[in-house]
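K.L.:
The following file, query-v9.cif, comprises mmCIF, C-alpha atoms and all ligand atoms:
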data_my_file
#
loop_
_atom_site.label_atom_id
_atom_site.label_comp_id
_atom_site.auth_asym_id
_atom_site.auth_seq_id
_atom_site.Cartn_x
_atom_site.Cartn_y
_atom_site.Cartn_z
CA MET F 1 87.23 122.24 94.81
CA GLN F 2 89.59 119.99 92.90
CA LEU F 3 87.99 117.00 91.18
CA LEU F 4 88.94 113.65 92.67
CA HIS F 5 89.10 110.56 90.53
CA ARG F 6 90.70 107.19 90.09
CA GLY F 7 94.45 107.27 90.74
CA ASP F 8 94.31 110.19 93.21
CA ALA F 9 95.57 109.82 96.77
CA GLY F 10 95.76 111.91 99.92
CA PRO F 11 93.71 113.09 102.89
CA ALA F 12 90.69 114.10 100.79
CA VAL F 13 90.54 110.58 99.36
CA SER F 14 90.82 109.11 102.88
CA GLU F 15 87.85 111.20 103.95
CA ILE F 16 85.77 110.00 101.00
CA ARG F 17 86.77 106.40 101.69
CA SER F 18 85.75 106.62 105.32
CA ILE F 19 82.34 108.10 104.42
CA LEU F 20 81.77 105.35 101.84
CA VAL F 21 82.64 102.77 104.52
CA THR F 22 80.17 104.39 106.95
CA LEU F 23 77.50 104.23 104.28
CA GLY F 24 78.18 100.53 103.75
CA LEU F 25 79.23 101.08 100.13
CA LEU F 26 82.86 100.17 100.68
CA PRO F 27 84.13 97.31 102.87
CA PRO F 28 86.18 98.46 105.90
CA ASN F 29 89.83 98.32 104.94
CA GLY F 30 92.70 99.25 107.19
CA HIS F 31 95.66 98.37 105.02
CA ALA F 32 98.24 100.71 103.56
CA GLY F 33 96.36 101.26 100.27
CA SER F 34 93.50 103.00 102.06
CA THR F 35 94.33 106.54 100.92
CA THR F 36 94.05 105.82 97.19
CA TYR F 37 91.14 106.32 94.89
CA ASP F 38 91.17 102.82 93.41
CA ALA F 39 88.67 100.81 91.35
CA SER F 40 86.67 99.86 94.45
CA VAL F 41 86.32 103.51 95.48
CA GLU F 42 85.24 104.46 91.99
CA HIS F 43 82.64 101.67 92.01
CA ALA F 44 81.33 102.81 95.42
CA VAL F 45 81.18 106.45 94.25
CA ARG F 46 79.16 105.39 91.21
CA ALA F 47 76.73 103.42 93.40
CA PHE F 48 76.37 106.45 95.69
CA GLN F 49 75.80 108.80 92.76
CA GLN F 50 73.13 106.51 91.39
CA GLN F 51 71.32 106.38 94.76
CA ARG F 52 71.34 110.16 94.99
CA GLY F 53 70.38 110.99 91.43
CA LEU F 54 73.73 112.58 90.68
CA ILE F 55 75.58 112.23 87.40
CA THR F 56 77.06 108.72 87.59
CA ASP F 57 80.64 109.36 86.47
CA GLY F 58 82.63 107.89 89.38
CA VAL F 59 84.31 111.28 89.90
CA VAL F 60 83.96 113.35 93.08
CA GLY F 61 83.19 116.97 92.10
CA PRO F 62 81.49 119.64 94.23
CA ALA F 63 77.94 118.15 94.05
CA THR F 64 79.04 114.61 94.89
CA TYR F 65 81.33 115.86 97.64
CA ARG F 66 78.53 117.86 99.23
CA ALA F 67 76.16 114.89 99.02
CA LEU F 68 78.81 112.63 100.58
CA THR F 69 79.48 114.96 103.48
CA ASP F 70 75.70 115.39 104.01
CA ALA F 71 75.16 111.64 103.96
CA LYS F 72 77.54 110.86 106.80
CA TRP F 73 75.33 112.53 109.44
CA ARG F 74 72.71 110.52 111.35
CA LEU F 75 70.16 112.25 113.57
CA GLY F 76 71.74 112.49 117.04
CA ASP F 77 75.35 112.65 115.84
CA ARG F 78 75.49 116.38 116.61
CA SER F 79 73.35 119.21 117.94
CA LEU F 80 71.47 121.07 115.25
CA ALA F 81 70.54 124.74 115.16
CA TYR F 82 69.92 127.57 112.72
CA PHE F 83 73.03 129.50 111.75
CA VAL F 84 72.05 132.44 109.59
CA SER F 85 75.40 132.91 107.89
CA ARG F 86 76.22 129.25 107.38
CA PRO F 87 73.17 126.95 107.53
CA VAL F 88 73.86 123.36 108.59
CA SER F 89 73.04 120.72 106.02
CA GLY F 90 72.99 116.95 106.22
CA ASP F 91 70.92 113.80 106.26
CA ASP F 92 70.37 114.37 110.01
CA VAL F 93 68.66 117.69 109.23
CA PHE F 94 66.57 115.91 106.63
CA ALA F 95 65.54 113.28 109.22
CA LEU F 96 64.68 116.03 111.74
CA GLN F 97 62.50 117.83 109.20
CA GLU F 98 60.70 114.62 108.31
CA ARG F 99 60.10 113.85 111.99
CA LEU F 100 58.70 117.33 112.66
CA LEU F 101 56.37 116.99 109.69
CA GLU F 102 55.19 113.59 110.91
CA LEU F 103 54.37 115.16 114.25
CA GLY F 104 52.36 117.88 112.57
CA TYR F 105 54.85 120.78 112.63
CA ASP F 106 55.34 122.81 109.49
CA ALA F 107 59.02 122.46 108.71
CA GLY F 108 58.37 123.07 105.00
CA ARG F 109 59.48 120.62 102.36
CA PRO F 110 62.34 118.56 103.81
CA ASP F 111 65.47 119.73 102.01
CA GLY F 112 68.22 118.74 104.46
CA ILE F 113 69.13 122.37 105.21
CA PHE F 114 68.44 123.78 108.69
CA GLY F 115 66.74 127.09 107.82
CA LYS F 116 64.43 129.54 109.47
CA GLN F 117 61.33 127.43 108.95
CA THR F 118 62.98 124.37 110.48
CA GLU F 119 63.88 126.41 113.52
CA HIS F 120 60.36 127.79 113.79
CA ALA F 121 58.83 124.30 113.64
CA LEU F 122 61.34 122.99 116.18
CA ARG F 123 60.58 125.82 118.63
CA SER F 124 56.83 125.16 118.33
CA PHE F 125 57.45 121.51 119.07
CA GLN F 126 59.65 122.35 122.06
CA ARG F 127 57.05 124.73 123.49
CA GLU F 128 54.23 122.23 123.20
CA TYR F 129 56.25 119.50 124.88
CA ALA F 130 57.51 121.75 127.70
CA LEU F 131 61.08 121.63 126.53
CA ASN F 132 63.44 124.58 126.54
CA ALA F 133 62.29 126.40 123.38
CA ASP F 134 65.77 127.35 122.22
CA GLY F 135 65.42 126.05 118.66
CA ILE F 136 68.37 123.73 119.18
CA CYS F 137 67.99 120.04 118.55
CA GLY F 138 70.09 118.61 121.39
CA PRO F 139 69.82 115.36 123.41
CA ALA F 140 66.61 116.19 125.38
CA THR F 141 64.71 117.40 122.31
CA LEU F 142 65.92 114.41 120.37
CA ARG F 143 64.64 112.00 123.06
CA SER F 144 61.17 113.53 122.90
CA LEU F 145 61.18 113.53 119.12
CA LYS F 146 61.99 109.84 119.07
CA GLN F 147 59.45 108.78 121.71
CA LEU F 148 56.40 110.33 120.11
CA THR F 149 54.18 108.60 117.63
CA PRO F 150 53.18 110.48 114.50
CA LYS F 151 49.94 112.42 114.81
CA VAL F 152 49.64 113.18 111.13
CA ARG F 153 48.53 110.29 108.95
CA GLY F 154 47.57 110.11 105.32
CA GLY F 155 49.32 113.30 104.26
CA ARG F 156 51.80 115.75 105.69
CA PRO F 157 50.71 119.39 106.04
CA VAL F 158 53.19 120.69 103.48
CA TYR F 159 51.81 118.26 100.89
CA LEU F 160 48.20 118.93 101.78
CA ARG F 161 48.95 122.59 101.07
CA GLU F 162 50.38 121.60 97.67
CA GLN F 163 47.13 119.77 96.90
CA GLU F 164 45.03 122.68 98.06
CA LYS F 165 47.01 125.01 95.81
CA VAL F 166 46.35 122.83 92.76
CA ARG F 167 42.66 122.66 93.60
CA ARG F 168 42.41 126.43 94.02
CA ALA F 169 44.37 127.07 90.82
CA GLY F 170 41.44 125.81 88.75
CA PRO F 171 41.40 123.65 85.63
CA ARG F 172 42.69 126.16 83.08
CA LEU F 173 46.33 126.12 82.02
CA ARG F 174 46.41 129.83 81.17
CA GLY F 175 48.64 131.76 83.55
CA LYS F 176 50.20 128.72 85.17
CA ARG F 177 53.95 128.86 85.32
CA ILE F 178 56.09 125.81 84.65
CA VAL F 179 59.85 125.44 84.64
CA ILE F 180 61.02 122.96 82.03
CA ASP F 181 64.44 121.61 82.92
CA PRO F 182 66.32 119.89 80.09
CA GLY F 183 68.92 117.61 81.72
CA HIS F 184 72.68 118.05 81.26
CA GLY F 185 73.91 120.53 78.56
CA GLY F 186 77.17 122.25 77.63
CA ASN F 187 80.13 119.95 78.19
CA ASP F 188 77.94 117.47 80.01
CA ARG F 189 76.35 115.51 77.17
CA GLY F 190 74.56 113.01 79.45
CA ALA F 191 74.17 109.57 77.87
CA VAL F 192 75.72 109.37 74.40
CA VAL F 193 75.06 106.42 72.09
CA ASN F 194 76.14 106.34 68.42
CA GLY F 195 76.68 110.08 68.43
CA VAL F 196 73.22 110.87 69.82
CA ALA F 197 73.45 112.83 73.08
CA GLU F 198 70.90 112.99 75.88
CA ALA F 199 71.62 116.73 76.38
CA ASP F 200 70.46 117.52 72.82
CA LEU F 201 67.38 115.32 73.03
CA ALA F 202 66.39 116.86 76.35
CA TRP F 203 66.76 120.31 74.80
CA ASP F 204 64.65 119.30 71.81
CA PHE F 205 61.91 117.88 74.08
CA ALA F 206 61.99 121.08 76.13
CA ARG F 207 61.48 123.28 73.06
CA ARG F 208 58.63 121.15 71.70
CA LEU F 209 56.94 121.24 75.06
CA GLU F 210 57.54 124.96 75.54
CA GLY F 211 55.84 125.76 72.20
CA ARG F 212 52.73 123.80 73.12
CA MET F 213 52.53 125.19 76.61
CA VAL F 214 52.86 128.77 75.45
CA ALA F 215 50.08 128.12 72.90
CA THR F 216 47.73 127.22 75.76
CA GLY F 217 48.60 130.45 77.58
CA MET F 218 50.96 128.85 80.11
CA GLU F 219 54.18 130.57 81.09
CA ALA F 220 56.92 128.10 80.24
CA LEU F 221 60.46 128.89 81.38
CA ILE F 222 63.50 126.81 80.46
CA SER F 223 66.05 126.29 83.23
CA ARG F 224 69.18 126.50 81.09
CA GLY F 225 70.52 127.84 77.79
CA PRO F 226 71.09 125.51 74.81
CA GLY F 227 74.80 125.16 75.60
CA SER F 228 75.05 125.43 79.38
CA CYS F 229 74.82 123.01 82.29
CA PRO F 230 73.98 124.73 85.58
CA PRO F 231 74.26 122.54 88.70
CA ASP F 232 71.03 121.05 90.08
CA ALA F 233 71.00 123.55 92.95
CA ASP F 234 70.93 126.45 90.45
CA ARG F 235 68.15 124.84 88.45
CA ALA F 236 66.08 124.47 91.63
CA THR F 237 66.83 128.07 92.69
CA PHE F 238 65.79 129.30 89.24
CA ALA F 239 62.40 127.59 89.65
CA ASN F 240 61.99 128.81 93.25
CA GLU F 241 62.78 132.40 92.33
CA ALA F 242 60.42 132.23 89.36
CA GLY F 243 57.66 131.12 91.75
CA ALA F 244 56.87 128.22 89.40
CA ASP F 245 53.76 126.10 89.91
CA LEU F 246 55.47 122.98 88.57
CA PHE F 247 58.97 121.81 87.73
CA LEU F 248 59.56 119.23 85.04
CA SER F 249 63.02 117.80 84.43
CA LEU F 250 63.57 115.97 81.13
CA HIS F 251 66.11 113.19 80.71
CA VAL F 252 66.81 110.17 78.55
CA ASP F 253 68.28 107.05 80.14
CA SER F 254 70.93 104.54 79.14
CA ASN F 255 72.10 101.25 80.54
CA ARG F 256 74.91 98.77 80.09
CA SER F 257 72.30 96.23 79.04
CA PRO F 258 70.75 96.94 75.62
CA GLU F 259 67.63 95.16 76.92
CA ALA F 260 66.77 97.99 79.33
CA GLN F 261 64.02 100.15 77.82
CA GLY F 262 60.94 102.19 78.62
CA VAL F 263 59.81 105.33 80.38
CA ALA F 264 59.96 106.14 84.12
CA THR F 265 59.00 109.19 86.20
CA PHE F 266 60.42 110.27 89.54
CA HIS F 267 58.82 112.55 92.13
CA PHE F 268 59.96 113.81 95.51
CA GLY F 269 59.58 111.25 98.29
CA THR F 270 61.53 109.18 100.77
CA GLY F 271 61.37 105.57 101.84
CA ASN F 272 59.72 106.67 105.13
CA GLY F 273 56.48 107.60 103.46
CA THR F 274 57.09 111.32 103.01
CA THR F 275 55.87 111.94 99.50
CA SER F 276 54.74 114.93 97.51
CA ASN F 277 51.21 113.83 96.60
CA VAL F 278 50.94 116.30 93.75
CA GLY F 279 54.32 115.21 92.40
CA GLU F 280 53.21 111.60 92.62
CA ALA F 281 49.90 112.35 90.90
CA LEU F 282 51.62 114.23 88.07
CA ALA F 283 54.16 111.41 87.69
CA GLY F 284 51.26 108.95 87.38
CA PHE F 285 49.52 111.00 84.68
CA LEU F 286 52.81 111.37 82.77
CA GLN F 287 53.41 107.63 82.81
CA ARG F 288 49.89 106.76 81.72
CA GLU F 289 49.70 109.31 78.90
CA ILE F 290 53.14 108.53 77.49
CA VAL F 291 52.73 104.76 77.70
CA ALA F 292 49.24 104.88 76.15
CA ARG F 293 50.38 107.07 73.25
CA THR F 294 53.76 105.49 72.46
CA GLY F 295 53.47 101.86 73.58
CA MET F 296 56.75 102.21 75.46
CA LEU F 297 57.47 99.90 78.37
CA ASP F 298 56.02 101.27 81.63
CA CYS F 299 58.88 101.50 84.13
CA ARG F 300 56.48 103.21 86.56
CA THR F 301 56.82 106.07 89.05
CA HIS F 302 59.30 106.18 91.93
CA PRO F 303 59.84 108.42 94.97
CA LYS F 304 63.36 109.90 95.17
CA SER F 305 65.04 112.49 97.38
CA TRP F 306 67.37 113.70 94.62
CA GLU F 307 68.71 117.24 94.97
CA VAL F 308 66.66 118.78 92.20
CA LEU F 309 63.43 117.25 93.59
CA ARG F 310 64.32 118.14 97.18
CA TRP F 311 65.39 121.74 96.67
CA THR F 312 62.52 122.81 94.45
CA LYS F 313 59.70 124.25 96.54
CA MET F 314 56.92 123.35 94.08
CA PRO F 315 55.78 119.88 92.95
CA ALA F 316 58.64 118.55 90.82
CA VAL F 317 59.10 115.50 88.63
CA ARG F 318 61.86 114.06 86.52
CA LEU F 319 61.01 112.14 83.41
CA GLU F 320 63.34 109.57 81.83
CA VAL F 321 62.01 109.01 78.31
CA GLY F 322 63.47 105.83 76.88
CA TYR F 323 66.94 104.31 76.78
CA LEU F 324 69.41 105.49 74.17
CA SER F 325 71.20 102.17 74.70
CA ASN F 326 68.14 100.18 73.57
CA PRO F 327 67.90 99.90 69.75
CA ARG F 328 64.11 100.27 69.69
CA ASP F 329 63.98 103.26 72.04
CA HIS F 330 66.99 104.77 70.24
CA ALA F 331 65.19 104.66 66.89
CA ARG F 332 62.05 106.17 68.45
CA LEU F 333 63.98 109.00 70.07
CA LEU F 334 65.47 109.94 66.69
CA ASP F 335 61.99 110.32 65.19
CA PRO F 336 60.66 113.90 65.49
CA ALA F 337 57.06 112.60 65.33
CA PHE F 338 57.73 110.51 68.42
CA ARG F 339 59.13 113.54 70.23
CA ASP F 340 55.98 115.48 69.30
CA THR F 341 53.84 112.67 70.69
CA VAL F 342 55.75 112.74 73.97
CA ALA F 343 55.45 116.54 74.21
CA GLU F 344 51.71 116.26 73.66
CA ALA F 345 51.42 113.51 76.27
CA VAL F 346 53.28 115.66 78.80
CA LEU F 347 51.03 118.64 78.15
CA VAL F 348 47.89 116.53 78.56
CA ALA F 349 49.28 115.01 81.78
CA VAL F 350 49.74 118.52 83.22
CA LYS F 351 46.21 119.39 82.13
CA ARG F 352 44.86 116.28 83.86
CA LEU F 353 46.56 117.28 87.08
CA TYR F 354 44.58 120.53 87.12
CA LEU F 355 41.36 118.88 85.98
CA LEU F 356 41.31 116.87 89.23
CA GLY F 357 39.41 114.08 87.51
CA LYS F 358 36.68 116.43 86.17
CA ASP F 359 35.73 116.70 82.45
CA ASP F 360 38.05 113.80 81.92
CA GLN F 361 38.58 111.76 78.79
CA PRO F 362 40.11 108.29 78.59
CA THR F 363 43.91 108.20 78.82
CA GLY F 364 45.65 108.73 75.50
CA THR F 365 42.66 110.26 73.67
CA PHE F 366 42.86 113.93 74.64
CA THR F 367 44.53 115.72 71.71
CA PHE F 368 46.36 119.02 71.55
CA ASP F 369 43.44 120.47 69.54
CA ASP F 370 40.93 119.26 72.15
CA LEU F 371 43.01 120.92 74.75
CA LEU F 372 43.25 124.25 72.94
CA ARG F 373 39.50 124.19 72.34
CA TYR F 374 38.90 123.45 76.00
CA GLU F 375 41.11 126.36 77.07
CA LEU F 376 39.41 128.68 74.60
CA THR F 377 35.79 127.85 75.51
CA ARG F 378 36.58 128.13 79.18
CA ALA F 379 38.21 131.49 78.53
CA GLU F 380 35.08 132.77 76.75
CA GLY F 381 32.80 131.39 79.38
CA ALA F 382 34.82 132.85 82.21
ZN ZN S 401 70.21 112.40 82.48
#
Show this structure as structure tokens.
P.N.:
Amino acid sequence: MQLLHRGDAGPAVSEIRSILVTLGLLPPNGHAGSTTYDASVEHAVRAFQQQRGLITDGVVGPATYRALTDAKWRLGDRSLAYFVSRPVSGDDVFALQERLLELGYDAGRPDGIFGKQTEHALRSFQREYALNADGICGPATLRSLKQLTPKVRGGRPVYLREQEKVRRAGPRLRGKRIVIDPGHGGNDRGAVVNGVAEADLAWDFARRLEGRMVATGMEALISRGPGSCPPDADRATFANEAGADLFLSLHVDSNRSPEAQGVATFHFGTGNGTTSNVGEALAGFLQREIVARTGMLDCRTHPKSWEVLRWTKMPAVRLEVGYLSNPRDHARLLDPAFRDTVAEAVLVAVKRLYLLGKDDQPTGTFTFDDLLRYELTRAEGA
């Protein structure tokens, strides 16, 4: 599709405006100027992009357009069914999947796409509640879905399976497969401050981490080349096809305020309490290890339903290490020793995830050498 930005006008812009109005990001406006992409539209697009974890550039490209058209659907707006050749996607599908999971039906990880597994879960639900088991979410099915109270508490089946998989995988890192996803790349430089680009830092972090992981016997795959920027959907597909155990996206933040600083980690989750427990646990370990080793400000962990977290089928997190726009963080990021420290902290956080609290050492004290020794003795003893 053609990119839409400030100054454009026409039917495509009208469509975007009306979606932004529906989402409450743009005030309703009926006057003659309502087909132009003006400053208020650009502002609303940026706000939307920020909410969705998209690149915040105020321009509507394919990813933002798809997210906008998905976002306009509320559960009940239309009937939903599985179309093999052209699967339906939207926030209504996402809500349906969440609801099925709450009720104890295995709709897989909610990704907002009505696939085979969604249909299977919906049919099971319909059969158990004496509805016509046609796999179509129409008015009658919707009524039943809305009336019922959740029967699953304290963990959705899909996430309990994630936990079980980590437990069964054992404490050793050897043989575990991780996809390291350096943010941005190619023409997309990410945040750039004083000639330092996020894309390059993310790449550098990825390589440092890859080296350490491979040394422990892990299989570390990088989601992009040094000079390319695949869309989030491709990065997720890469990890899914690789059958990765974990997905780790690496970014560096920036802000208009030079005061903003620190490290934050994001895992898959929604405001309704659907959260990947393993993702959340890994995010917690990452925060604690990095903060303890670097003294950076702890901007904590947050659930997000961003594309790359939603479409990956394994526990996935996105790390934002420092703000390029903050002088102190900026100086740290330029220091290779700091980047080594962060890489080591990340590796130890992954190790802690698989240790499940056993053979644990206090946060920030486990070194790379300790870790290698641990892996080696366990290998001999095995
Ligand atoms: Zn970024």
K.L.:
Around ligand ZN 401 (chain S), out to 8 Å and counting all atoms listed in the file, which residues are there? I want them as a tab-separated table (two decimals) with C-alpha atoms, in the coordinates of the input.
P.N.:
chain	number	residue	atom	x	y	z
F	55	ILE	CA	75.58	112.23	87.40
F	183	GLY	CA	68.92	117.61	81.72
F	184	HIS	CA	72.68	118.05	81.26
F	190	GLY	CA	74.56	113.01	79.45
F	191	ALA	CA	74.17	109.57	77.87
F	198	GLU	CA	70.90	112.99	75.88
F	199	ALA	CA	71.62	116.73	76.38
F	250	LEU	CA	63.57	115.97	81.13
F	251	HIS	CA	66.11	113.19	80.71
F	252	VAL	CA	66.81	110.17	78.55
F	253	ASP	CA	68.28	107.05	80.14
F	320	GLU	CA	63.34	109.57	81.83
K.L.:
Compile the contact shell of F:Tyr37 as JSON, numbers by chain: residues with an atom at most 9 Å away, counting all atoms listed in the file, same-chain residues fewer than 3 positions apart removed.
P.N.:
{"F": [4, 5, 6, 7, 8, 9, 10, 13, 14, 16, 17, 34, 40, 41, 42]}
K.L.:
Do a neighbour search on F:Cys299 at 6 Å with all atoms listed in the file, toss out local chain neighbours closer than 6 positions, and write the hits as a ChimeraX atom specification.
P.N.:
/F:262-264
K.L.:
Between F:Arg177, F:Ser254, F:Ser249, F:Gly186, which residue has the minimum interatomic distance to F:Pro230, considering all atoms listed in the file?
P.N.:
F:Gly186
K.L.:
Enter the distance from atom CA of F:Leu3 to atom CA of F:Gly58, in Å, rounded to one decimal.
P.N.:
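Pair atom CA of F:Leu3 / atom CA of F:Gly58 returns 10.7 Å.
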K.L.:
Would you pick out the contacts of F:Thr312 at 8 Å or less, using only C-alpha atoms, so that residues sharing its chain but fewer than 5 positions from it are not included, and give the list as a ChimeraX atom specification?
P.N.:
/F:236-237,239-240,247
K.L.:
In Å, how far is it from atom CA of F:Ile136 to atom CA of F:Arg123?
P.N.:
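These atoms are spaced 8.1 Å apart.
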K.L.:
Rounded to one decimal place, report the atom CA of F:Tyr65-atom CA of F:Ser85 distance in Å.
P.N.:
20.8 Å
K.L.:
Between F:Val88, F:Leu333, F:Ile180, F:Leu68, single out the one closest to F:Gln261, counting all atoms listed in the file.
P.N.:
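For F:Gln261, the nearest of the given residues is F:Leu333.
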K.L.:
Using all atoms listed in the file, which protein or nucleic acid residues come within 9 Å of F:Glu289? Drop anything in the same chain fewer than 3 positions from it, and give the result as JSON, numbers by chain.
P.N.:
{"F": [284, 285, 286, 292, 293, 294, 342, 344, 345, 346, 348, 349, 363, 364, 365]}
K.L.:
Can you pull out every residue within 7 Å of F:Lys176, counting all atoms listed in the file, but drop anything in the same chain fewer than 6 positions away, and send it as a list of chain:residue names?
P.N.:
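The residues satisfying every condition are F:Met218, F:Glu219, F:Asp245.
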K.L.:
Could you pull stretch 302-323 of chain F out of the block above and give me N, CA and C atoms, as a PDB file, in the first residue's frame?
P.N.:
ATOM      1  N   HIS F 302       5.936  -4.709  32.144  1.00  0.00           N
ATOM      2  CA  HIS F 302       4.587  -4.299  31.737  1.00  0.00           C
ATOM      3  C   HIS F 302       3.991  -5.293  30.743  1.00  0.00           C
ATOM      4  N   PRO F 303       2.710  -5.648  30.926  1.00  0.00           N
ATOM      5  CA  PRO F 303       2.058  -6.493  29.918  1.00  0.00           C
ATOM      6  C   PRO F 303       1.650  -5.660  28.701  1.00  0.00           C
ATOM      7  N   LYS F 304       1.902  -6.201  27.505  1.00  0.00           N
ATOM      8  CA  LYS F 304       1.519  -5.505  26.262  1.00  0.00           C
ATOM      9  C   LYS F 304       1.028  -6.532  25.249  1.00  0.00           C
ATOM     10  N   SER F 305       0.107  -6.110  24.389  1.00  0.00           N
ATOM     11  CA  SER F 305      -0.356  -7.034  23.342  1.00  0.00           C
ATOM     12  C   SER F 305       0.209  -6.612  21.989  1.00  0.00           C
ATOM     13  N   TRP F 306       1.441  -6.131  21.984  1.00  0.00           N
ATOM     14  CA  TRP F 306       2.106  -5.718  20.753  1.00  0.00           C
ATOM     15  C   TRP F 306       2.239  -6.892  19.791  1.00  0.00           C
ATOM     16  N   GLU F 307       2.261  -6.573  18.508  1.00  0.00           N
ATOM     17  CA  GLU F 307       2.285  -7.615  17.468  1.00  0.00           C
ATOM     18  C   GLU F 307       3.342  -8.681  17.704  1.00  0.00           C
ATOM     19  N   VAL F 308       4.555  -8.238  17.963  1.00  0.00           N
ATOM     20  CA  VAL F 308       5.654  -9.205  18.036  1.00  0.00           C
ATOM     21  C   VAL F 308       5.490 -10.116  19.263  1.00  0.00           C
ATOM     22  N   LEU F 309       4.852  -9.630  20.313  1.00  0.00           N
ATOM     23  CA  LEU F 309       4.609 -10.442  21.507  1.00  0.00           C
ATOM     24  C   LEU F 309       3.397 -11.337  21.309  1.00  0.00           C
ATOM     25  N   ARG F 310       2.454 -10.876  20.504  1.00  0.00           N
ATOM     26  CA  ARG F 310       1.193 -11.584  20.291  1.00  0.00           C
ATOM     27  C   ARG F 310       1.361 -12.724  19.289  1.00  0.00           C
ATOM     28  N   TRP F 311       2.147 -12.478  18.261  1.00  0.00           N
ATOM     29  CA  TRP F 311       2.250 -13.451  17.167  1.00  0.00           C
ATOM     30  C   TRP F 311       3.297 -14.526  17.403  1.00  0.00           C
ATOM     31  N   THR F 312       4.182 -14.310  18.356  1.00  0.00           N
ATOM     32  CA  THR F 312       5.153 -15.355  18.677  1.00  0.00           C
ATOM     33  C   THR F 312       4.440 -16.403  19.522  1.00  0.00           C
ATOM     34  N   LYS F 313       4.716 -17.671  19.247  1.00  0.00           N
ATOM     35  CA  LYS F 313       4.003 -18.737  19.947  1.00  0.00           C
ATOM     36  C   LYS F 313       4.722 -19.176  21.224  1.00  0.00           C
ATOM     37  N   MET F 314       5.939 -18.673  21.443  1.00  0.00           N
ATOM     38  CA  MET F 314       6.692 -19.053  22.645  1.00  0.00           C
ATOM     39  C   MET F 314       6.723 -17.831  23.578  1.00  0.00           C
ATOM     40  N   PRO F 315       7.110 -18.022  24.852  1.00  0.00           N
ATOM     41  CA  PRO F 315       7.245 -16.860  25.725  1.00  0.00           C
ATOM     42  C   PRO F 315       8.163 -15.816  25.075  1.00  0.00           C
ATOM     43  N   ALA F 316       7.713 -14.570  25.051  1.00  0.00           N
ATOM     44  CA  ALA F 316       8.451 -13.521  24.348  1.00  0.00           C
ATOM     45  C   ALA F 316       8.516 -12.268  25.217  1.00  0.00           C
ATOM     46  N   VAL F 317       9.663 -11.629  25.200  1.00  0.00           N
ATOM     47  CA  VAL F 317       9.796 -10.355  25.918  1.00  0.00           C
ATOM     48  C   VAL F 317      10.515  -9.331  25.048  1.00  0.00           C
ATOM     49  N   ARG F 318      10.271  -8.090  25.363  1.00  0.00           N
ATOM     50  CA  ARG F 318      10.983  -7.002  24.691  1.00  0.00           C
ATOM     51  C   ARG F 318      11.631  -6.122  25.749  1.00  0.00           C
ATOM     52  N   LEU F 319      12.925  -5.951  25.576  1.00  0.00           N
ATOM     53  CA  LEU F 319      13.715  -5.209  26.545  1.00  0.00           C
ATOM     54  C   LEU F 319      14.020  -3.826  25.967  1.00  0.00           C
ATOM     55  N   GLU F 320      13.820  -2.793  26.770  1.00  0.00           N
ATOM     56  CA  GLU F 320      14.224  -1.439  26.373  1.00  0.00           C
ATOM     57  C   GLU F 320      15.324  -1.020  27.337  1.00  0.00           C
ATOM     58  N   VAL F 321      16.576  -1.091  26.849  1.00  0.00           N
ATOM     59  CA  VAL F 321      17.734  -0.825  27.723  1.00  0.00           C
ATOM     60  C   VAL F 321      18.143   0.633  27.635  1.00  0.00           C
ATOM     61  N   GLY F 322      17.655   1.457  28.535  1.00  0.00           N
ATOM     62  CA  GLY F 322      18.136   2.834  28.616  1.00  0.00           C
ATOM     63  C   GLY F 322      17.554   3.753  27.562  1.00  0.00           C
ATOM     64  N   TYR F 323      17.744   5.041  27.803  1.00  0.00           N
ATOM     65  CA  TYR F 323      17.250   6.094  26.905  1.00  0.00           C
ATOM     66  C   TYR F 323      18.433   6.799  26.263  1.00  0.00           C
TER      67      TYR F 323
END
